[in-house]
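S.K.: So here's run.cif, just mmCIF, C-alpha atoms:
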```cif
data_input
loop_
_atom_site.label_atom_id
_atom_site.label_comp_id
_atom_site.auth_asym_id
_atom_site.auth_seq_id
_atom_site.Cartn_x
_atom_site.Cartn_y
_atom_site.Cartn_z
CA MET A 3 -17.38 -57.16 292.06
CA ASP A 4 -20.87 -58.03 293.22
CA SER A 5 -22.58 -60.67 291.11
CA VAL A 6 -26.12 -61.93 290.91
CA GLU A 7 -27.43 -65.23 289.69
CA LYS A 8 -31.07 -65.96 289.08
CA GLY A 9 -32.48 -68.91 290.98
CA ALA A 10 -35.40 -71.19 290.33
CA ALA A 11 -38.70 -70.90 292.15
CA THR A 12 -39.36 -73.31 294.97
CA SER A 13 -42.40 -74.68 296.73
CA VAL A 14 -42.33 -74.29 300.52
CA SER A 15 -44.92 -75.44 303.02
CA ASN A 16 -46.37 -73.07 305.58
CA PRO A 17 -44.46 -73.77 308.82
CA ARG A 18 -46.19 -71.34 311.13
CA GLY A 19 -49.52 -70.23 312.52
CA ARG A 20 -50.77 -66.70 312.84
CA PRO A 21 -49.83 -64.82 316.01
CA SER A 22 -52.82 -64.89 318.34
CA ARG A 23 -52.71 -61.16 318.97
CA GLY A 24 -55.72 -59.38 317.54
CA ARG A 25 -55.10 -57.43 314.36
CA PRO A 26 -56.86 -54.55 312.65
CA PRO A 27 -59.17 -55.28 309.74
CA LYS A 28 -57.59 -55.49 306.32
CA LEU A 29 -57.80 -52.26 304.35
CA GLN A 30 -58.55 -52.16 300.64
CA ARG A 31 -55.31 -52.33 298.70
CA ASN A 32 -54.66 -49.72 296.00
CA SER A 33 -54.08 -50.52 292.36
CA ARG A 34 -50.41 -51.42 292.91
CA GLY A 35 -51.65 -54.59 294.61
CA GLY A 36 -54.08 -55.36 291.85
CA GLN A 37 -57.27 -54.38 293.73
CA GLY A 38 -59.29 -51.20 293.80
CA ARG A 39 -58.99 -48.27 291.44
CA GLY A 40 -56.98 -45.10 291.38
CA VAL A 41 -53.62 -43.70 290.41
CA GLU A 42 -50.92 -46.32 289.93
CA LYS A 43 -48.41 -46.13 292.74
CA PRO A 44 -45.04 -47.83 293.06
CA PRO A 45 -45.02 -50.78 295.46
CA HIS A 46 -44.27 -49.77 299.03
CA LEU A 47 -40.88 -51.20 300.01
CA ALA A 48 -40.29 -51.17 303.77
CA ALA A 49 -37.04 -51.93 305.56
CA LEU A 50 -37.66 -53.93 308.71
CA ILE A 51 -35.00 -54.60 311.35
CA LEU A 52 -36.03 -57.07 314.04
CA ALA A 53 -34.48 -56.16 317.41
CA ARG A 54 -35.79 -58.10 320.36
CA GLY A 55 -34.70 -56.95 323.82
CA GLY A 56 -33.95 -60.40 325.15
CA SER A 57 -30.58 -61.67 323.95
CA LYS A 58 -29.20 -64.80 325.59
CA GLY A 59 -25.59 -64.12 324.56
CA ILE A 60 -25.02 -60.37 325.06
CA PRO A 61 -27.66 -58.34 326.98
CA LEU A 62 -29.27 -55.73 324.70
CA LYS A 63 -26.77 -56.70 322.00
CA ASN A 64 -28.67 -54.78 319.32
CA ILE A 65 -27.82 -51.44 320.92
CA LYS A 66 -24.41 -52.34 322.38
CA HIS A 67 -21.84 -49.92 320.99
CA LEU A 68 -19.74 -51.30 318.16
CA ALA A 69 -16.94 -48.93 317.10
CA GLY A 70 -18.71 -46.12 318.92
CA VAL A 71 -22.14 -46.67 317.32
CA PRO A 72 -25.07 -48.78 318.59
CA LEU A 73 -25.00 -52.05 316.62
CA ILE A 74 -28.41 -51.43 315.08
CA GLY A 75 -27.28 -47.94 314.03
CA TRP A 76 -24.96 -49.28 311.34
CA VAL A 77 -27.73 -50.98 309.34
CA LEU A 78 -30.21 -48.16 309.99
CA ARG A 79 -27.74 -45.66 308.55
CA ALA A 80 -27.28 -47.82 305.44
CA ALA A 81 -31.03 -48.36 304.99
CA LEU A 82 -31.94 -44.69 305.37
CA ASP A 83 -29.12 -43.46 303.13
CA SER A 84 -29.93 -45.97 300.39
CA GLY A 85 -33.03 -43.93 299.49
CA VAL A 86 -34.92 -46.98 298.19
CA PHE A 87 -37.33 -47.51 301.08
CA GLN A 88 -40.64 -45.72 301.53
CA SER A 89 -40.32 -46.47 305.22
CA VAL A 90 -37.68 -47.83 307.61
CA TRP A 91 -38.90 -49.70 310.69
CA VAL A 92 -37.52 -51.37 313.79
CA SER A 93 -39.69 -54.05 315.37
CA THR A 94 -38.90 -54.28 319.08
CA ASP A 95 -40.34 -54.99 322.49
CA HIS A 96 -37.84 -52.86 324.42
CA ASP A 97 -37.95 -49.16 325.35
CA GLU A 98 -34.19 -48.53 325.04
CA ILE A 99 -34.04 -50.09 321.58
CA GLU A 100 -37.05 -47.98 320.56
CA ASN A 101 -35.27 -44.80 321.71
CA VAL A 102 -32.11 -45.63 319.77
CA ALA A 103 -34.11 -46.49 316.63
CA LYS A 104 -35.89 -43.13 316.76
CA GLN A 105 -32.60 -41.28 317.29
CA PHE A 106 -31.39 -42.71 313.98
CA GLY A 107 -34.61 -41.71 312.20
CA ALA A 108 -36.45 -45.04 312.03
CA GLN A 109 -40.10 -45.69 312.83
CA VAL A 110 -40.90 -48.22 315.53
CA HIS A 111 -43.35 -51.12 315.58
CA ARG A 112 -43.92 -52.36 319.11
CA ARG A 113 -44.12 -56.09 318.72
CA SER A 114 -46.30 -58.21 320.96
CA SER A 115 -44.99 -60.54 323.65
CA GLU A 116 -46.29 -63.45 321.57
CA VAL A 117 -43.63 -62.89 318.90
CA SER A 118 -40.89 -61.83 321.32
CA LYS A 119 -40.22 -65.22 322.88
CA ASP A 120 -37.01 -67.21 322.53
CA SER A 121 -38.99 -69.66 320.39
CA SER A 122 -40.45 -66.97 318.10
CA THR A 123 -39.21 -66.91 314.53
CA SER A 124 -38.33 -63.95 312.35
CA LEU A 125 -41.24 -64.90 310.13
CA ASP A 126 -43.66 -64.60 313.06
CA ALA A 127 -42.49 -61.06 313.78
CA ILE A 128 -42.60 -60.03 310.11
CA ILE A 129 -46.13 -61.36 309.66
CA GLU A 130 -47.30 -59.48 312.73
CA PHE A 131 -45.73 -56.30 311.33
CA LEU A 132 -47.56 -56.76 308.01
CA ASN A 133 -50.84 -57.32 309.82
CA TYR A 134 -50.55 -53.79 311.20
CA HIS A 135 -49.12 -52.16 308.07
CA ASN A 136 -51.37 -52.86 305.15
CA GLU A 137 -49.61 -50.22 303.05
CA VAL A 138 -46.46 -52.36 302.76
CA ASP A 139 -46.05 -54.48 299.61
CA ILE A 140 -42.44 -55.64 299.95
CA VAL A 141 -40.37 -56.23 303.09
CA GLY A 142 -36.61 -55.89 303.20
CA ASN A 143 -35.76 -57.77 306.39
CA ILE A 144 -32.30 -56.51 307.38
CA GLN A 145 -30.35 -58.16 310.18
CA ALA A 146 -29.05 -55.83 312.89
CA THR A 147 -26.02 -58.10 313.26
CA SER A 148 -24.58 -57.17 309.82
CA PRO A 149 -22.82 -53.86 310.52
CA CYS A 150 -20.78 -53.73 307.30
CA LEU A 151 -23.86 -53.45 305.07
CA HIS A 152 -23.63 -50.61 302.52
CA PRO A 153 -26.44 -48.61 300.84
CA THR A 154 -25.27 -49.73 297.40
CA ASP A 155 -26.11 -53.33 298.26
CA LEU A 156 -29.67 -52.37 299.18
CA GLN A 157 -30.06 -50.20 296.09
CA LYS A 158 -29.12 -53.07 293.78
CA VAL A 159 -31.48 -55.50 295.50
CA ALA A 160 -34.36 -53.00 295.33
CA GLU A 161 -33.74 -52.73 291.59
CA MET A 162 -33.88 -56.52 291.25
CA ILE A 163 -37.26 -56.58 292.98
CA ARG A 164 -38.79 -53.54 291.29
CA GLU A 165 -37.25 -53.61 287.82
CA GLU A 166 -36.36 -57.25 287.20
CA GLY A 167 -39.49 -58.71 288.76
CA TYR A 168 -38.04 -60.98 291.42
CA ASP A 169 -40.37 -62.06 294.22
CA SER A 170 -37.57 -62.68 296.71
CA VAL A 171 -33.86 -61.89 296.96
CA PHE A 172 -31.47 -62.84 299.75
CA SER A 173 -27.81 -62.14 300.48
CA VAL A 174 -24.97 -64.63 300.10
CA VAL A 175 -21.19 -64.64 300.34
CA ARG A 176 -18.71 -66.73 298.36
CA ARG A 177 -16.45 -68.95 300.44
CA HIS A 178 -13.55 -71.14 299.46
CA GLN A 179 -13.88 -73.86 302.07
CA PHE A 180 -13.52 -77.58 301.58
CA ARG A 181 -16.22 -79.55 303.39
CA TRP A 182 -15.95 -83.02 304.92
CA SER A 183 -18.56 -85.40 306.29
CA GLU A 184 -18.94 -85.64 310.05
CA ILE A 185 -17.60 -88.65 311.94
CA GLN A 186 -20.32 -90.27 314.07
CA LYS A 187 -19.44 -93.02 316.47
CA GLY A 188 -21.20 -96.25 315.49
CA VAL A 189 -22.52 -94.72 312.27
CA ARG A 190 -19.60 -93.36 310.28
CA GLU A 191 -16.08 -93.99 311.53
CA VAL A 192 -14.20 -92.17 308.76
CA THR A 193 -14.71 -88.83 307.06
CA GLU A 194 -15.24 -88.31 303.35
CA PRO A 195 -14.81 -85.22 301.14
CA LEU A 196 -18.03 -83.50 300.18
CA ASN A 197 -16.94 -80.91 297.63
CA LEU A 198 -13.45 -81.85 296.49
CA ASN A 199 -11.26 -84.64 295.17
CA PRO A 200 -8.32 -84.91 297.61
CA ALA A 201 -6.18 -86.33 294.83
CA LYS A 202 -6.73 -83.18 292.79
CA ARG A 203 -7.02 -80.40 295.34
CA PRO A 204 -7.64 -77.20 293.37
CA ARG A 205 -5.79 -73.99 294.08
CA ARG A 206 -7.97 -71.20 295.45
CA GLN A 207 -7.59 -69.18 292.25
CA ASP A 208 -8.70 -72.20 290.18
CA TRP A 209 -11.90 -72.80 292.14
CA ASP A 210 -14.98 -70.59 292.16
CA GLY A 211 -15.87 -71.60 295.70
CA GLU A 212 -19.44 -71.99 296.97
CA LEU A 213 -22.23 -69.62 297.92
CA TYR A 214 -23.53 -69.46 301.49
CA GLU A 215 -26.32 -67.38 302.98
CA ASN A 216 -24.74 -64.71 305.15
CA GLY A 217 -27.99 -63.60 306.83
CA SER A 218 -27.49 -59.91 306.04
CA PHE A 219 -30.94 -59.43 304.46
CA TYR A 220 -34.00 -61.16 303.00
CA PHE A 221 -36.31 -59.26 300.65
CA ALA A 222 -39.72 -60.75 299.86
CA LYS A 223 -43.09 -59.65 298.53
CA ARG A 224 -46.09 -59.63 300.81
CA HIS A 225 -47.90 -62.53 299.16
CA LEU A 226 -44.93 -64.86 299.79
CA ILE A 227 -44.66 -63.86 303.44
CA GLU A 228 -48.40 -64.33 303.97
CA MET A 229 -48.02 -67.83 302.51
CA GLY A 230 -45.41 -68.52 305.20
CA TYR A 231 -41.96 -68.13 303.64
CA LEU A 232 -39.31 -65.51 302.80
CA GLN A 233 -37.68 -67.32 299.89
CA GLY A 234 -39.71 -68.46 296.92
CA GLY A 235 -41.45 -67.49 293.71
CA LYS A 236 -39.07 -65.98 291.17
CA MET A 237 -36.05 -66.08 293.41
CA ALA A 238 -32.45 -64.85 293.23
CA TYR A 239 -29.47 -64.28 295.48
CA TYR A 240 -27.33 -61.18 295.81
CA GLU A 241 -23.63 -61.80 296.36
CA MET A 242 -22.03 -59.45 298.88
CA ARG A 243 -18.33 -58.69 299.05
CA ALA A 244 -16.55 -60.91 301.57
CA GLU A 245 -15.21 -57.96 303.57
CA HIS A 246 -18.75 -56.60 303.98
CA SER A 247 -20.12 -59.96 305.06
CA VAL A 248 -19.79 -59.68 308.83
CA ASP A 249 -22.22 -61.50 311.11
CA ILE A 250 -21.81 -60.65 314.79
CA ASP A 251 -23.84 -63.73 315.75
CA VAL A 252 -21.68 -66.20 313.90
CA ASP A 253 -18.37 -65.09 312.52
CA ILE A 254 -16.34 -63.08 314.98
CA ASP A 255 -16.17 -61.66 318.47
CA TRP A 256 -16.76 -58.03 319.35
CA PRO A 257 -13.20 -56.57 319.29
CA ILE A 258 -12.45 -58.15 315.91
CA ALA A 259 -15.82 -56.95 314.60
CA GLU A 260 -14.94 -53.39 315.60
CA GLN A 261 -11.75 -53.51 313.57
CA ARG A 262 -13.63 -54.88 310.56
CA VAL A 263 -16.30 -52.19 310.83
CA LEU A 264 -13.78 -49.38 311.16
CA ARG A 265 -12.06 -50.62 308.02
CA TYR A 266 -15.01 -51.72 305.87
CA GLY A 267 -18.13 -50.16 307.43
CA TYR A 268 -20.34 -47.44 305.99
CA PHE A 269 -19.88 -44.07 307.69
CA GLY A 270 -22.44 -41.93 305.93
CA LYS A 271 -23.09 -40.06 302.69
CA GLU A 272 -20.43 -37.43 303.28
CA LYS A 273 -16.95 -38.54 302.30
CA LEU A 274 -14.46 -38.58 305.13
CA LYS A 275 -11.76 -35.92 304.97
CA GLU A 276 -8.40 -35.83 306.67
CA ILE A 277 -8.69 -34.34 310.16
CA LYS A 278 -6.44 -31.29 310.76
CA LEU A 279 -7.84 -29.99 314.07
CA LEU A 280 -9.17 -31.68 317.22
CA VAL A 281 -10.98 -29.52 319.75
CA CYS A 282 -11.48 -31.10 323.16
CA ASN A 283 -13.62 -29.94 326.06
CA ILE A 284 -11.58 -29.73 329.25
CA ASP A 285 -13.97 -30.64 332.07
CA GLY A 286 -15.28 -34.16 331.57
CA CYS A 287 -13.05 -35.02 328.57
CA LEU A 288 -9.48 -34.11 329.42
CA THR A 289 -10.38 -34.41 333.10
CA ASN A 290 -13.00 -36.48 334.87
CA GLY A 291 -14.83 -33.29 335.85
CA HIS A 292 -13.66 -33.38 339.45
CA ILE A 293 -12.11 -30.21 340.86
CA TYR A 294 -10.01 -30.20 344.01
CA VAL A 295 -9.22 -27.05 345.97
CA SER A 296 -6.07 -26.80 348.05
CA GLY A 297 -5.82 -25.11 351.43
CA ASP A 298 -4.57 -21.92 349.77
CA GLN A 299 -7.59 -21.94 347.42
CA LYS A 300 -5.71 -23.17 344.37
CA GLU A 301 -7.53 -25.36 341.85
CA ILE A 302 -6.24 -28.89 341.38
CA ILE A 303 -7.30 -31.19 338.54
CA SER A 304 -6.17 -34.64 337.43
CA TYR A 305 -5.76 -36.24 334.02
CA ASP A 306 -4.73 -39.58 332.58
CA VAL A 307 -1.24 -40.00 331.17
CA LYS A 308 -2.80 -42.10 328.37
CA ASP A 309 -4.67 -38.98 327.22
CA ALA A 310 -1.48 -36.92 327.24
CA ILE A 311 0.14 -39.59 325.05
CA GLY A 312 -2.88 -39.49 322.74
CA ILE A 313 -2.55 -35.71 322.36
CA SER A 314 1.18 -36.09 321.67
CA LEU A 315 0.53 -38.74 318.99
CA LEU A 316 -2.06 -36.54 317.29
CA LYS A 317 0.32 -33.61 317.18
CA LYS A 318 3.13 -35.77 315.82
CA SER A 319 0.82 -36.86 313.01
CA GLY A 320 0.16 -33.22 312.10
CA ILE A 321 -3.20 -32.75 313.83
CA GLU A 322 -3.55 -29.57 315.88
CA VAL A 323 -5.11 -30.12 319.31
CA ARG A 324 -6.86 -27.30 321.14
CA LEU A 325 -8.70 -27.23 324.48
CA ILE A 326 -11.86 -25.32 325.35
CA SER A 327 -14.07 -24.79 328.40
CA GLU A 328 -17.13 -22.77 329.32
CA ARG A 329 -15.80 -22.59 332.85
CA ALA A 330 -13.21 -20.07 333.97
CA CYS A 331 -10.54 -22.70 334.50
CA SER A 332 -7.18 -21.72 335.89
CA LYS A 333 -4.84 -21.30 332.90
CA GLN A 334 -1.92 -21.61 335.26
CA THR A 335 -3.15 -25.04 336.36
CA LEU A 336 -3.69 -26.10 332.74
CA SER A 337 -0.25 -24.89 331.67
CA SER A 338 1.28 -27.00 334.44
CA LEU A 339 0.03 -30.10 332.59
CA LYS A 340 2.60 -29.28 329.85
CA LEU A 341 0.34 -30.42 327.03
CA ASP A 342 1.44 -27.55 324.79
CA CYS A 343 -2.08 -26.95 323.46
CA LYS A 344 -3.75 -23.65 322.69
CA THR A 345 -6.45 -23.21 325.33
CA GLU A 346 -9.49 -20.97 325.73
CA VAL A 347 -11.59 -20.83 328.90
CA ASN A 348 -14.73 -19.00 330.01
CA VAL A 349 -16.19 -19.46 326.51
CA SER A 350 -19.94 -18.84 326.38
CA ASP A 351 -20.38 -19.70 322.67
CA LYS A 352 -18.17 -22.67 321.82
CA LEU A 353 -19.43 -23.00 318.25
CA ALA A 354 -18.48 -19.41 317.42
CA PHE A 355 -15.05 -19.88 318.96
CA VAL A 356 -14.36 -23.14 317.13
CA ASP A 357 -15.51 -21.48 313.92
CA GLU A 358 -12.90 -18.75 314.45
CA TRP A 359 -10.20 -21.38 314.96
CA ARG A 360 -11.37 -23.20 311.83
CA LYS A 361 -11.22 -20.05 309.70
CA GLU A 362 -7.87 -19.09 311.20
CA MET A 363 -6.43 -22.42 310.03
CA GLY A 364 -8.19 -22.28 306.66
CA LEU A 365 -10.15 -25.49 307.26
CA CYS A 366 -13.58 -26.73 306.27
CA TRP A 367 -15.80 -28.21 308.97
CA LYS A 368 -15.13 -31.73 307.67
CA GLU A 369 -11.48 -31.33 308.67
CA VAL A 370 -12.38 -30.61 312.30
CA ALA A 371 -12.97 -33.18 315.04
CA TYR A 372 -14.55 -32.44 318.41
CA LEU A 373 -14.66 -34.40 321.66
CA GLY A 374 -17.40 -33.13 323.98
CA ASN A 375 -19.48 -34.25 326.90
CA GLU A 376 -21.93 -31.49 327.80
CA VAL A 377 -25.03 -29.75 326.46
CA SER A 378 -22.81 -26.76 325.62
CA ASP A 379 -20.89 -29.01 323.20
CA GLU A 380 -23.95 -30.16 321.23
CA GLU A 381 -23.79 -27.64 318.38
CA CYS A 382 -20.08 -28.21 317.86
CA LEU A 383 -20.58 -31.97 317.84
CA LYS A 384 -23.28 -31.68 315.19
CA ARG A 385 -21.23 -29.32 313.00
CA VAL A 386 -17.83 -30.96 312.75
CA GLY A 387 -16.72 -33.73 310.43
CA LEU A 388 -15.88 -36.16 313.22
CA SER A 389 -17.48 -36.09 316.66
CA GLY A 390 -17.04 -38.11 319.82
CA SER A 391 -17.91 -38.22 323.49
CA PRO A 392 -16.68 -40.10 326.57
CA ALA A 393 -18.72 -43.03 327.85
CA ASP A 394 -20.03 -40.91 330.75
CA ALA A 395 -21.07 -37.89 328.66
CA CYS A 396 -24.58 -36.51 329.09
CA SER A 397 -27.31 -37.98 326.89
CA THR A 398 -27.59 -34.80 324.80
CA ALA A 399 -23.95 -35.04 323.81
CA GLN A 400 -24.11 -38.77 323.12
CA LYS A 401 -27.09 -38.33 320.81
CA ALA A 402 -25.16 -35.75 318.76
CA VAL A 403 -21.98 -37.75 318.15
CA GLY A 404 -20.81 -40.31 315.65
CA TYR A 405 -18.54 -42.13 318.11
CA ILE A 406 -19.06 -42.91 321.80
CA CYS A 407 -15.89 -43.95 323.61
CA LYS A 408 -15.73 -46.92 325.91
CA CYS A 409 -13.48 -44.90 328.23
CA TYR A 410 -14.71 -42.24 330.63
CA GLY A 411 -13.66 -38.61 330.61
CA GLY A 412 -10.25 -38.15 332.23
CA ARG A 413 -9.74 -41.91 332.00
CA GLY A 414 -8.45 -42.50 328.49
CA ALA A 415 -11.25 -41.08 326.29
CA ILE A 416 -8.90 -38.76 324.39
CA ARG A 417 -6.44 -41.57 323.66
CA GLU A 418 -9.29 -43.79 322.47
CA PHE A 419 -10.71 -41.05 320.25
CA ALA A 420 -7.23 -40.43 318.86
CA GLU A 421 -6.98 -44.11 317.86
CA HIS A 422 -10.40 -43.79 316.20
CA ILE A 423 -9.16 -40.77 314.24
CA PHE A 424 -6.04 -42.66 313.12
CA LEU A 425 -8.11 -45.60 311.88
CA LEU A 426 -10.44 -43.36 309.92
CA MET A 427 -7.53 -41.41 308.46
CA GLU A 428 -6.08 -44.70 307.27
CA LYS A 429 -9.44 -45.36 305.59
CA VAL A 430 -9.27 -41.91 303.93
CA ASN A 431 -5.72 -42.48 302.70
CA ASN A 432 -6.57 -45.93 301.34
CA SER A 433 -9.56 -44.53 299.41
CA CYS A 434 -7.37 -41.78 297.94
CA GLN A 435 -4.91 -44.36 296.64
CA LYS A 436 -7.58 -46.35 294.77
#
```
Rewrite the coordinates I just gave you, this time as structure tokens.
M.R.:
Amino acid sequence: MDSVEKGAATSVSNPRGRPSRGRPPKLQRNSRGGQGRGVEKPPHLAALILARGGSKGIPLKNIKHLAGVPLIGWVLRAALDSGVFQSVWVSTDHDEIENVAKQFGAQVHRRSSEVSKDSSTSLDAIIEFLNYHNEVDIVGNIQATSPCLHPTDLQKVAEMIREEGYDSVFSVVRRHQFRWSEIQKGVREVTEPLNLNPAKRPRRQDWDGELYENGSFYFAKRHLIEMGYLQGGKMAYYEMRAEHSVDIDVDIDWPIAEQRVLRYGYFGKEKLKEIKLLVCNIDGCLTNGHIYVSGDQKEIISYDVKDAIGISLLKKSGIEVRLISERACSKQTLSSLKLDCKTEVNVSDKLAFVDEWRKEMGLCWKEVAYLGNEVSDEECLKRVGLSGSPADACSTAQKAVGYICKCYGGRGAIREFAEHIFLLMEKVNNSCQK
């Protein structure tokens, strides 16, 4: 269970100077800030995710796909669905990051080059943001590298700020790690315990552990930030669950992070349901979209054996797999693939056709998954409970899906999407057992 402990106020010196970029004149604050007159308004709480384009480790890390979703998308989804922010912002200096932020429903602050350097601090970027957004009273600085953040965490912290009167709240995680002093040649030749007695080593269950900042978020009121710090005044921490405390920068590498996110991440307001039907577009998903014509004018297509195995595994687990195409594909050629899937071709309205299949099987839309790659798949992708696209799908399709495969169409995308479905179904089954 999450726990919160109130901390004492601290005095911190101002470590920074104002960014040199010109800023608009200060506007008169309304009565929530203690100046001016008028109707009392609640303080404006803004979520702010800092996402600089220049990353030394992984290029454009903030929008690199993690478990099929741009990294920044995980925290944006949590912030927007929490319902506690009057506005949700991404501060960036990069066009691609701006586009992704807008796709998820965030507003964008284009930060100056002066606060986008390798030497720039988070505080510099937050102060610049406040200089251009006088309406903001409280900033919730959320780190893009914490993809297992949940809306409930943000809701509880907002309550601490608004209802309990804290000036700043930051996230921590409890760790049971014994610490030892560092050996330094010529200074300290032996190590010493820092937080334990080796003669009486406690068992894990007999020790409360220690609290560490996990960097997931820092909430602070405007007056503290303008004084030059994010932690101070009436201050408290918020303890996050260990499984939700994932920091891409520090803790784990990308493949392990994906497994953690798939198991513990936040997937949206709607509860996941067990998938009973997968509909897959033929050209560009089952195949790579290439069509070969033989000398006798027969159509020849190719597919990946991995995808055939993926379809077989889905069917063995009780999930119906059906194929669809807007093109008048050769049914004879498709039947020669021996996939044993119901297939419809020359379909002008895919959504209507999938709806008929859904009703025929007595399913709700949440029990249907769809893998598509073209503009003609967009409405289906938006309607179903679980949507995906190959890595080389058109931009319209990718914007509509919840999962973007690493594999290309006809090169393992179906198998990858099948594995994604299995992981999510495990999540559904685990939640049902609780």
S.K.: Show which residues sit within 8 Å of range 167-169 of chain A, as an MDAnalysis selection string. Count all atoms listed in the file, and ignore same-chain residues fewer than 5 positions away.
M.R.: chainID A and resid 162 222:223 226 234:238
S.K.: Between CA of Lys202 in chain A and CA of Arg181 in chain A, measure the distance and give it in Å to one decimal.
M.R.: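 Distance between the two atoms: 14.7 Å.
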S.K.: From the options A:Thr154, A:Gln109, A:Thr94, A:Asn283, which residue's atoms come nearest to Ala49 in chain A, counting all atoms listed in the file?
M.R.: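 Under the stated criterion, the closest residue is A:Gln109.
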S.K.: Run the PyMOL selection byres ((chain A and resi 337-354) around 10) on the file and write out the hits as a ChimeraX atom specification.
M.R.: /A:281-284,303-305,309-311,313-314,317,322-336,355-360,378-386
S.K.: Put those residues in a file: C-alpha atoms, as a JSON list (two decimals), in the coordinates of the input.
M.R.:
```
[["chain", "number", "residue", "atom", "x", "y", "z"],
["A", 281, "VAL", "CA", -10.98, -29.52, 319.75],
["A", 282, "CYS", "CA", -11.48, -31.10, 323.16],
["A", 283, "ASN", "CA", -13.62, -29.94, 326.06],
["A", 284, "ILE", "CA", -11.58, -29.73, 329.25],
["A", 303, "ILE", "CA", -7.30, -31.19, 338.54],
["A", 304, "SER", "CA", -6.17, -34.64, 337.43],
["A", 305, "TYR", "CA", -5.76, -36.24, 334.02],
["A", 309, "ASP", "CA", -4.67, -38.98, 327.22],
["A", 310, "ALA", "CA", -1.48, -36.92, 327.24],
["A", 311, "ILE", "CA", 0.14, -39.59, 325.05],
["A", 313, "ILE", "CA", -2.55, -35.71, 322.36],
["A", 314, "SER", "CA", 1.18, -36.09, 321.67],
["A", 317, "LYS", "CA", 0.32, -33.61, 317.18],
["A", 322, "GLU", "CA", -3.55, -29.57, 315.88],
["A", 323, "VAL", "CA", -5.11, -30.12, 319.31],
["A", 324, "ARG", "CA", -6.86, -27.30, 321.14],
["A", 325, "LEU", "CA", -8.70, -27.23, 324.48],
["A", 326, "ILE", "CA", -11.86, -25.32, 325.35],
["A", 327, "SER", "CA", -14.07, -24.79, 328.40],
["A", 328, "GLU", "CA", -17.13, -22.77, 329.32],
["A", 329, "ARG", "CA", -15.80, -22.59, 332.85],
["A", 330, "ALA", "CA", -13.21, -20.07, 333.97],
["A", 331, "CYS", "CA", -10.54, -22.70, 334.50],
["A", 332, "SER", "CA", -7.18, -21.72, 335.89],
["A", 333, "LYS", "CA", -4.84, -21.30, 332.90],
["A", 334, "GLN", "CA", -1.92, -21.61, 335.26],
["A", 335, "THR", "CA", -3.15, -25.04, 336.36],
["A", 336, "LEU", "CA", -3.69, -26.10, 332.74],
["A", 355, "PHE", "CA", -15.05, -19.88, 318.96],
["A", 356, "VAL", "CA", -14.36, -23.14, 317.13],
["A", 357, "ASP", "CA", -15.51, -21.48, 313.92],
["A", 358, "GLU", "CA", -12.90, -18.75, 314.45],
["A", 359, "TRP", "CA", -10.20, -21.38, 314.96],
["A", 360, "ARG", "CA", -11.37, -23.20, 311.83],
["A", 378, "SER", "CA", -22.81, -26.76, 325.62],
["A", 379, "ASP", "CA", -20.89, -29.01, 323.20],
["A", 380, "GLU", "CA", -23.95, -30.16, 321.23],
["A", 381, "GLU", "CA", -23.79, -27.64, 318.38],
["A", 382, "CYS", "CA", -20.08, -28.21, 317.86],
["A", 383, "LEU", "CA", -20.58, -31.97, 317.84],
["A", 384, "LYS", "CA", -23.28, -31.68, 315.19],
["A", 385, "ARG", "CA", -21.23, -29.32, 313.00],
["A", 386, "VAL", "CA", -17.83, -30.96, 312.75]]
```
S.K.: Could you jot down the CA of Pro44 in chain A to CA of His135 in chain A separation for me, Å, one decimal place?
M.R.: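 A separation of 16.1 Å between them.
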S.K.: A:Ile140, A:Leu156, A:Leu280, A:Leu274: which is nearest Leu232 in chain A, counting all atoms listed in the file?
M.R.: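 For Leu232 in chain A, the nearest of the candidates is A:Ile140.
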S.K.: Which residue out of A:Val171, A:Ile406, A:Cys287, A:Ala420 has the minimum interatomic distance to Asp306 in chain A when all atoms listed in the file are used?
M.R.: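 Closest candidate: A:Cys287.
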S.K.: For Ile302 in chain A, which residue out of A:Thr289, A:Pro195, A:Glu362, A:Lys158 is the nearest one, using all atoms listed in the file?
M.R.: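 Closest candidate: A:Thr289.
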S.K.: Let me make sure I understand: among A:Cys150, A:Val295, A:Ala402, A:Leu47, which one has the smallest atom-to-atom distance to Gly85 in chain A if we use all atoms listed in the file?
M.R.: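 Closest to Gly85 in chain A of all the choices is A:Leu47.
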